[in-house]
Amino acid sequence: MQQQKKPFSLMAFIKPHRAGFLASVILAVLSVASGMVPYFAVARMVNLLISGEKNFSIYLTWGAVALIAYLLKSVLHGISTRCSHEATFHVLSELRRAVADKLTRVSMGYLTDTPSGRLKTTMVERVEQMEVPLAHIIPEMTSNLLVPIAIVVYLFVLDWRMALVSLITIPIGMLCYMAQMKEYPKKYGAVVQAGKHMSATTVEYIGGIEVIKAFNQSAASYGKFTQAVRQSADLMLDWMKSTQGYSALMMTIWPAVLIGVLPIGCVFYRNGSLTASDFITIAILALGIVGPLVAAIFLTDDFSKIATITGEIGAVLSEPDLERPAQRKDLHGLDIDLRDVTFAYKDKQVLNGVTLNIRQGTTTALVGPSGSGKSTIAKLIASYWDAGGGSITIGEVDVKNLPPEQVMDLIGYVSQDNFLFNISVRENIRMGRPEATDDEVEAVAKASGCHDFIMGLDHGYDTVVGGAGGHLSGGERQRVAIARAMMKNAPIVILDEATSYTDPENEAVLQDAIGRLTRGKTLIVIAHRLSTITDADQIAVVEQGKILDAGTHDELLKRCPLYAQMWAAHTQAKDADMREGGGKHVWRI
Ligand SMILES: Nc1ncnc2c1ncn2[C@@H]1O[C@H](COP(=O)(O)OP(=O)(O)OP(=O)(O)O)[C@@H](O)[C@H]1O
């Protein structure tokens, strides 16, 4: 049950802060208007000079007006920028929160299929890149357009012919601008894509550095990384090259207004159709129009950037939510029932009609060849994805009709990843139940075989485990993850290969601890070592996305050839392992 994609609108984020943006626009208009006053003042002074005015105090007054207006321009611009930045920072932080919030509501499938580097780039860099355009476009675009337009109107009032002449460079410069913008969205889009690829490759390179070194793949992986960096630089250069020529031409043509104004003004002055005073005023004001207009035109460059950036943020924000009700439901017991469940990862069909009943308080083991769909079944029960067809119920209610919080309260999931946060071991375990006391945390740690190794760490329970738990061994991470799940005390526990890192001695301790900690709960175990699940109430054999058979160990040995075969392979491998004295070997089917 997924919602349709909702189109993303940046306006919805800007609207609550429109007062800030409006104040910024008004101040920016006043600032640009103040910036125009010195041009009027100079024009006025030149006219006074020509008319033979000898009173020096008038010149001083106009000089003071020009100076005050110039200073006012800077002050107003500063306040305007502050208003727009304040409003922008709120918009950016809300955008980031919206993206983070979205990630908690989309399907797990979307998250696992999207490289984490790409999501990080969207959340951090892309949102950051919106700051300059957003904070500047709204106030500066408006002011840089409005004020010159007002002056042009004034020039038309003075002399429409000269007003037209003073604008002559604008359409020519515009042609250059249009030529520059022709390839702009495509090329800038390519630059952004290459940047994303570079970011994802960098995250992969750093994240996988251990494997790269272990498999001596440094050259190949470094090559992939440098290729991504080079491609990004090449595309950036290509983008610059395609725009720089036109941009330089435009910047030369636009300010050259006097090329038309002076000779044509002289002609009109000589034939008596233009007064000296108007000629001077027009020539000086024409010089003042071009600056703000050029600034406004340059801001349209930021429009293209905003379009590309919002497209990327919008792609995440318009991702459909996993639609779930908010109201918790009353359940009838906690039996789990899968009826004819089908599922596909995009186009890849993985489950082909899984039917399985898991009674409350029993242990069910899912076994089967690698890739048969065991983890997928477990994840569908935990509502990570929606089943494509069929139904999954807990306590006779379809999981699609349960709010995610209720499902998460019901299920403790220990996955193969055992992700730990870069906080203390104590806080990692406490994440299972934030209100747990230190004593309760330690009791669970003792029960899940963590206490001794934790006490051996530099700061005991207060040791910070490093990014993703990197300061702990795989087995230690796994045990902390189990303790965290146990802390949650959920009535249904899913252990997805939870003991795979553990050596045989510790495995026995851990199995015992798991047995005690899950007593009375519904336990679903995905185990590759069959010896660990022979006592399960029910063993479901999964093959090619279907339940081939389900029963106890003894029943399956008698009637399920695949299980008998897996068991034989398991015991042979175990014997061989014992003969070689390799008790530490982690054996997998
Ligand atoms: N996120 C995913 N996107 C696409 N395909 C996936 C994804 N996760 C799993 N698969 C594919 O689905 C199939 C079943 O995977 P699943 O992890 O459920 O099998 P499994 O029986 O648990 O395997 P294993 O014992 O090796 O862990 C596999 O072919 C796997 O490649």
# chains A, B, ... in the order shown; residues from 1 in each chain; ligands from 1
call {"tool": "residues_near_ligand", "arguments": {"ligand": "ligand 1", "cutoff": "8 Å", "atoms": "only C-alpha atoms and all ligand atoms", "output": "ChimeraX atom specification"}}
result
/A:109,112-113,344-346,348-351,367-377,497,526,528,542,545
call {"tool": "write_last_selection", "arguments": {"atoms": "C-alpha atoms", "output": "PDB file, in the first residue's frame"}}
result
ATOM      1  CA  GLY A 109      13.719  -0.864  -0.170  1.00  0.00           C
ATOM      2  CA  THR A 112      18.816   0.114   0.617  1.00  0.00           C
ATOM      3  CA  ASP A 113      18.657   0.753  -3.130  1.00  0.00           C
ATOM      4  CA  ALA A 344       9.829  -8.680  -5.842  1.00  0.00           C
ATOM      5  CA  TYR A 345      12.785  -6.307  -5.498  1.00  0.00           C
ATOM      6  CA  LYS A 346      11.850  -4.064  -8.407  1.00  0.00           C
ATOM      7  CA  LYS A 348      13.390  -9.443  -9.411  1.00  0.00           C
ATOM      8  CA  GLN A 349      10.764 -11.873  -8.131  1.00  0.00           C
ATOM      9  CA  VAL A 350      12.043 -13.292  -4.829  1.00  0.00           C
ATOM     10  CA  LEU A 351       9.045 -14.784  -2.985  1.00  0.00           C
ATOM     11  CA  VAL A 367      16.687 -22.556   6.664  1.00  0.00           C
ATOM     12  CA  GLY A 368      17.485 -22.984   3.000  1.00  0.00           C
ATOM     13  CA  PRO A 369      20.062 -22.311   0.339  1.00  0.00           C
ATOM     14  CA  SER A 370      21.653 -18.884   0.073  1.00  0.00           C
ATOM     15  CA  GLY A 371      19.422 -16.451  -1.796  1.00  0.00           C
ATOM     16  CA  SER A 372      16.279 -18.537  -1.280  1.00  0.00           C
ATOM     17  CA  GLY A 373      14.492 -15.620   0.427  1.00  0.00           C
ATOM     18  CA  LYS A 374      14.876 -16.243   4.199  1.00  0.00           C
ATOM     19  CA  SER A 375      15.917 -12.694   5.130  1.00  0.00           C
ATOM     20  CA  THR A 376      13.261 -11.269   2.814  1.00  0.00           C
ATOM     21  CA  ILE A 377      10.548 -13.234   4.660  1.00  0.00           C
ATOM     22  CA  GLU A 497      22.128 -14.882  11.195  1.00  0.00           C
ATOM     23  CA  ILE A 526      17.614 -17.487  10.325  1.00  0.00           C
ATOM     24  CA  HIS A 528      23.046 -21.305   8.517  1.00  0.00           C
ATOM     25  CA  VAL A 542      12.811 -22.180   2.115  1.00  0.00           C
ATOM     26  CA  GLY A 545      10.968 -18.160  -2.557  1.00  0.00           C
TER      27      GLY A 545
END
call {"tool": "residues_around", "arguments": {"residues": "range 401-413 of chain A", "least_positions_apart": "4", "cutoff": "6 Å", "atoms": "only C-alpha atoms", "output": "compact mmCIF listing (two decimals) with C-alpha atoms, in the first residue's frame"}}
result
# COMPACT_ATOMS: atom_id res chain seq x y z
CA ARG A 324 0.26 3.13 7.60
CA PRO A 325 -2.55 4.10 9.98
CA ALA A 326 -1.65 6.15 13.06
CA ALA A 485 17.41 -6.12 20.96
CA ALA A 490 9.76 -7.18 22.41
CA PRO A 491 7.44 -10.22 22.38
CA ILE A 492 8.66 -11.25 18.91
CA VAL A 493 12.41 -11.57 18.26
CA ILE A 494 13.93 -12.05 14.82
call {"tool": "closest_residue", "arguments": {"among": "A:Val127, A:Val525, A:Ile394, A:Ile533", "to": "Lys329 in chain A", "atoms": "only C-alpha atoms"}}
result
A:Ile394
call {"tool": "residues_around", "arguments": {"residues": "Ala315 in chain A", "least_positions_apart": "2", "cutoff": "12 Å", "atoms": "only C-alpha atoms", "output": "PyMOL selection string"}}
result
chain A and resi 5-9+99+102+110+114+118-119+122-123+308-313+317-320
call {"tool": "residues_around", "arguments": {"residues": "Leu495 in chain A", "least_positions_apart": "5", "cutoff": "12 Å", "atoms": "only C-alpha atoms", "output": "ChimeraX atom specification"}}
result
/A:363-366,374-375,378-379,382,411-418,478-479,481-483,485-486,500,511,514-515,518,522-528,533
call {"tool": "atom_distance", "arguments": {"atom1": "CA of Ile50 in chain A", "atom2": "CA of Ile168 in chain A"}}
result
27.5 Å
call {"tool": "select_by_dssp", "arguments": {"residues": "range 325-380 of chain A", "states": "strand (DSSP E or B)", "output": "JSON, numbers by chain"}}
result
{"A": [336, 337, 338, 339, 340, 341, 342, 343, 344, 345, 348, 349, 350, 351, 352, 353, 354, 355, 356, 357, 358, 363, 364, 365, 366, 367]}
call {"tool": "write_last_selection", "arguments": {"atoms": "N, CA and C atoms", "output": "compact mmCIF listing (two decimals), in the first residue's frame"}}
result
# COMPACT_ATOMS: atom_id res chain seq x y z
N ILE A 336 1.75 -15.31 14.07
CA ILE A 336 2.11 -14.65 12.80
C ILE A 336 1.67 -15.59 11.68
N ASP A 337 0.97 -15.01 10.71
CA ASP A 337 0.45 -15.85 9.64
C ASP A 337 0.80 -15.26 8.27
N LEU A 338 1.54 -16.02 7.48
CA LEU A 338 1.85 -15.57 6.11
C LEU A 338 1.01 -16.40 5.15
N ARG A 339 0.23 -15.74 4.30
CA ARG A 339 -0.64 -16.45 3.35
C ARG A 339 -0.26 -16.08 1.93
N ASP A 340 0.30 -17.05 1.22
CA ASP A 340 0.54 -16.88 -0.21
C ASP A 340 1.29 -15.57 -0.53
N VAL A 341 2.32 -15.29 0.27
CA VAL A 341 3.02 -14.00 0.13
C VAL A 341 3.97 -14.01 -1.07
N THR A 342 3.83 -12.96 -1.89
CA THR A 342 4.77 -12.80 -3.01
C THR A 342 5.50 -11.48 -2.82
N PHE A 343 6.69 -11.41 -3.40
CA PHE A 343 7.46 -10.16 -3.27
C PHE A 343 8.54 -10.10 -4.35
N ALA A 344 8.76 -8.89 -4.85
CA ALA A 344 9.83 -8.68 -5.84
C ALA A 344 10.62 -7.45 -5.46
N TYR A 345 11.96 -7.51 -5.61
CA TYR A 345 12.79 -6.31 -5.50
C TYR A 345 12.80 -5.70 -6.89
N LYS A 348 12.88 -8.11 -9.77
CA LYS A 348 13.39 -9.44 -9.41
C LYS A 348 12.43 -10.14 -8.44
N GLN A 349 11.71 -11.14 -8.96
CA GLN A 349 10.76 -11.87 -8.13
C GLN A 349 11.54 -12.73 -7.14
N VAL A 350 11.27 -12.57 -5.85
CA VAL A 350 12.04 -13.29 -4.83
C VAL A 350 11.16 -14.28 -4.06
N LEU A 351 9.94 -13.86 -3.69
CA LEU A 351 9.05 -14.78 -2.98
C LEU A 351 7.89 -15.14 -3.91
N ASN A 352 7.60 -16.46 -3.94
CA ASN A 352 6.61 -16.93 -4.91
C ASN A 352 5.43 -17.63 -4.25
N GLY A 353 4.88 -17.04 -3.21
CA GLY A 353 3.73 -17.68 -2.54
C GLY A 353 4.16 -18.38 -1.28
N VAL A 354 4.57 -17.59 -0.28
CA VAL A 354 5.03 -18.17 0.99
C VAL A 354 3.84 -18.28 1.95
N THR A 355 3.59 -19.49 2.42
CA THR A 355 2.54 -19.69 3.41
C THR A 355 3.16 -20.35 4.63
N LEU A 356 3.00 -19.69 5.79
CA LEU A 356 3.67 -20.19 7.00
C LEU A 356 2.94 -19.65 8.22
N ASN A 357 2.74 -20.54 9.19
CA ASN A 357 2.10 -20.08 10.43
C ASN A 357 3.11 -20.20 11.58
N ILE A 358 3.27 -19.10 12.31
CA ILE A 358 4.22 -19.09 13.41
C ILE A 358 3.43 -18.84 14.69
N THR A 363 9.53 -21.21 18.71
CA THR A 363 10.72 -20.86 17.93
C THR A 363 10.60 -21.45 16.54
N THR A 364 10.74 -20.58 15.55
CA THR A 364 10.70 -21.04 14.15
C THR A 364 12.04 -20.71 13.51
N ALA A 365 12.63 -21.70 12.87
CA ALA A 365 13.89 -21.45 12.17
C ALA A 365 13.62 -21.45 10.67
N LEU A 366 14.20 -20.48 9.97
CA LEU A 366 14.10 -20.48 8.51
C LEU A 366 15.44 -20.96 7.98
N VAL A 367 15.44 -22.04 7.24
CA VAL A 367 16.69 -22.56 6.66
C VAL A 367 16.49 -22.70 5.16
call {"tool": "residues_around", "arguments": {"residues": "Pro38 in chain A", "least_positions_apart": "5", "cutoff": "8 Å", "atoms": "only C-alpha atoms", "output": "MDAnalysis selection string"}}
result
chainID A and resid 65:67 69:70
call {"tool": "write_last_selection", "arguments": {"atoms": "N, CA and C atoms", "output": "tab-separated table (two decimals), in the first residue's frame"}}
result
chain	number	residue	atom	x	y	z
A	65	VAL	N	24.07	64.78	0.00
A	65	VAL	CA	22.96	63.87	-0.34
A	65	VAL	C	23.52	62.59	-0.97
A	66	ALA	N	24.47	62.79	-1.90
A	66	ALA	CA	25.05	61.62	-2.60
A	66	ALA	C	25.76	60.70	-1.60
A	67	LEU	N	26.52	61.31	-0.68
A	67	LEU	CA	27.28	60.52	0.28
A	67	LEU	C	26.35	59.76	1.22
A	69	ALA	N	23.22	58.94	0.75
A	69	ALA	CA	22.49	57.90	0.00
A	69	ALA	C	23.39	56.69	-0.23
A	70	TYR	N	24.67	56.97	-0.52
A	70	TYR	CA	25.61	55.87	-0.77
A	70	TYR	C	25.78	55.01	0.49
